[in-house]
Structures are given as C-alpha cells and as structure tokens.
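J.: Sharing a structure below in structure tokens format, with a few things to ask.
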Amino acid sequence: MMHLVDTIEVESEHVDGYLELVRTLGMAVMTDAGATFVSCATTPGGLGEPQHVQVVWSCDDFVHWNEIRKNMVLDPRYHEYGSTAASLRVGGSRRFFVPVTLSPSP
C-alpha cells in the first residue's frame, strides 16, 4: 500500500472553493482513474496566513500509480481539475509515502 499526499497552500478566502473542487471534480477524476480516497484535512483558519489543505489517496504501488496517472491524463476532466486547482493555490507539495513497521523499544 502506498499513499499519495498532496499538501496544498491556499489563501484562506479560497479554502472552501478548493475543498469543493476536491469534493466534486477531484474525487470523481481520481476515483474513476483507480485511486482510493483516504482523507482530507486543513490547517486552522483565522491566523492571518495561508492555510494548507492535505488530501490523501492510496494505491497499491507505483505500477498501479502509473496506471492511475495514465487514466487521469486521458480524462478531459483532469485537465479542468488541474487548471482550476492551480488558479486557487499559492504553493504546495506532492509526496508518496509507504508504511514502515516500528515496534516499541524494550
């Protein structure tokens, strides 16, 4: 199992619009392409600084991710989603995470 974690920086006045975009077009494009939605969270507003929106998706591995990516690129909605998201964000990052096994020290 692998997680794709998008952490997007958004001005506070655009957070609701960004969340709505993810809820509608983003979820449709990503799930139709084969990704599984895991979670969505934001940093608190009202602090006088941009907020961060974290969206987490899962897939089996990079082979599966490459299939998802191919499916997204072939979906015209993906290009609409990307351009709209780009107009709302001011920064961000995308990282892949894989689980590790940790056990408490004796």
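A note on labels: chains of the structure tokens are A, B, ... as shown, every chain counts residues from 1, and ligands are counted from 1 in their shown order.
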Excluding same-chain residues fewer than 5 positions from range 93-106 of chain A, what lies within 10 Å of it counting only C-alpha atoms, as a PyMOL selection string?
T.: chain A and resi 1-9+54-58+60-62
J.: From a backbone DSSP assignment, name each residue in chain A labelled strand (DSSP E), as a PDB file with C-alpha atoms, in the first residue's frame.
T.:
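The resulting file, out13.pdb, is reproduced below:
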ATOM      1  CA  MET A   2       1.208   3.483  -0.857  1.00  0.00           C
ATOM      2  CA  HIS A   3      -0.211   6.909  -0.026  1.00  0.00           C
ATOM      3  CA  LEU A   4      -0.100   9.945  -2.260  1.00  0.00           C
ATOM      4  CA  VAL A   5      -0.203  13.052  -0.058  1.00  0.00           C
ATOM      5  CA  ASP A   6      -0.947  16.414  -1.644  1.00  0.00           C
ATOM      6  CA  THR A   7      -0.387  19.366   0.705  1.00  0.00           C
ATOM      7  CA  ILE A   8      -1.695  22.488  -0.976  1.00  0.00           C
ATOM      8  CA  GLU A   9      -1.197  26.051   0.275  1.00  0.00           C
ATOM      9  CA  VAL A  10      -4.309  28.160  -0.290  1.00  0.00           C
ATOM     10  CA  THR A  36      -8.846   5.396  -3.321  1.00  0.00           C
ATOM     11  CA  PHE A  37      -9.719   8.458  -1.253  1.00  0.00           C
ATOM     12  CA  VAL A  38      -8.254   8.267   2.274  1.00  0.00           C
ATOM     13  CA  SER A  39      -8.694  11.674   3.927  1.00  0.00           C
ATOM     14  CA  CYS A  40      -8.817  15.430   3.653  1.00  0.00           C
ATOM     15  CA  ALA A  41      -7.811  17.964   6.334  1.00  0.00           C
ATOM     16  CA  THR A  42      -6.975  21.651   6.658  1.00  0.00           C
ATOM     17  CA  GLN A  51      -3.956  27.604   5.031  1.00  0.00           C
ATOM     18  CA  HIS A  52      -2.836  24.162   3.965  1.00  0.00           C
ATOM     19  CA  VAL A  53      -5.163  21.523   2.603  1.00  0.00           C
ATOM     20  CA  GLN A  54      -3.947  17.932   2.819  1.00  0.00           C
ATOM     21  CA  VAL A  55      -5.574  15.350   0.545  1.00  0.00           C
ATOM     22  CA  VAL A  56      -4.504  11.713   0.836  1.00  0.00           C
ATOM     23  CA  TRP A  57      -5.105   8.992  -1.764  1.00  0.00           C
ATOM     24  CA  SER A  58      -3.995   5.380  -1.748  1.00  0.00           C
ATOM     25  CA  CYS A  59      -2.988   2.859  -4.356  1.00  0.00           C
ATOM     26  CA  ARG A  89      -3.389  27.513  -4.805  1.00  0.00           C
ATOM     27  CA  VAL A  90      -0.293  29.505  -3.969  1.00  0.00           C
ATOM     28  CA  GLY A  91       2.016  26.551  -3.344  1.00  0.00           C
ATOM     29  CA  GLY A  92       2.221  23.015  -2.151  1.00  0.00           C
ATOM     30  CA  SER A  93       3.858  19.630  -2.459  1.00  0.00           C
ATOM     31  CA  ARG A  94       3.120  16.073  -3.536  1.00  0.00           C
ATOM     32  CA  ARG A  95       4.795  13.169  -1.798  1.00  0.00           C
ATOM     33  CA  PHE A  96       4.451   9.397  -1.864  1.00  0.00           C
ATOM     34  CA  PHE A  97       4.581   7.575   1.467  1.00  0.00           C
TER      35      PHE A  97
END
J.: May I ask which of the residues A:Ala35, A:Thr84, A:Arg77, A:Leu47 is the closest one to His64 in chain A, counting only C-alpha atoms?
T.: A:Ala35
J.: Taking into account only C-alpha atoms, which residue in the set A:Val15, A:Tyr78, A:Leu88, A:Glu67 is nearest to Pro44 in chain A?
T.: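 Of the candidates, the smallest distance to Pro44 in chain A is held by A:Val15.
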J.: Please provide the set of residues having any atom within 9 Å of Asp75 in chain A, restricted to only C-alpha atoms, with same-chain residues fewer than 4 positions apart removed, written as a ChimeraX atom specification.
T.: /A:29,33,70-71,79
J.: Quick one: write out the picked residues with C-alpha atoms as a CSV table (one decimal), in the first residue's frame?
T.:
chain,number,residue,atom,x,y,z
A,29,VAL,CA,-11.4,12.1,-11.6
A,33,ALA,CA,-8.8,6.6,-12.5
A,70,LYS,CA,-2.4,7.3,-17.4
A,71,ASN,CA,-6.1,7.2,-16.8
A,79,HIS,CA,-7.2,19.0,-17.2
J.: Among the residues of range 29-89 of chain A, find those DSSP assigns to helix (DSSP H, G or I) from the backbone and print them as a count of residues only.
T.: 30
J.: One decimal, Å: what's the distance from CA of Glu80 in chain A over to CA of Val63 in chain A, could you say?
T.: 25.1 Å
J.: State, in Å with one decimal place, the distance from CA of Gly17 in chain A to CA of Trp65 in chain A.
T.: 26.7 Å
J.: Between CA of Met30 in chain A and CA of Ser83 in chain A, what is the distance, to one decimal in Å?
T.: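 Going from CA of Met30 in chain A over to CA of Ser83 in chain A, I get 15.1 Å.
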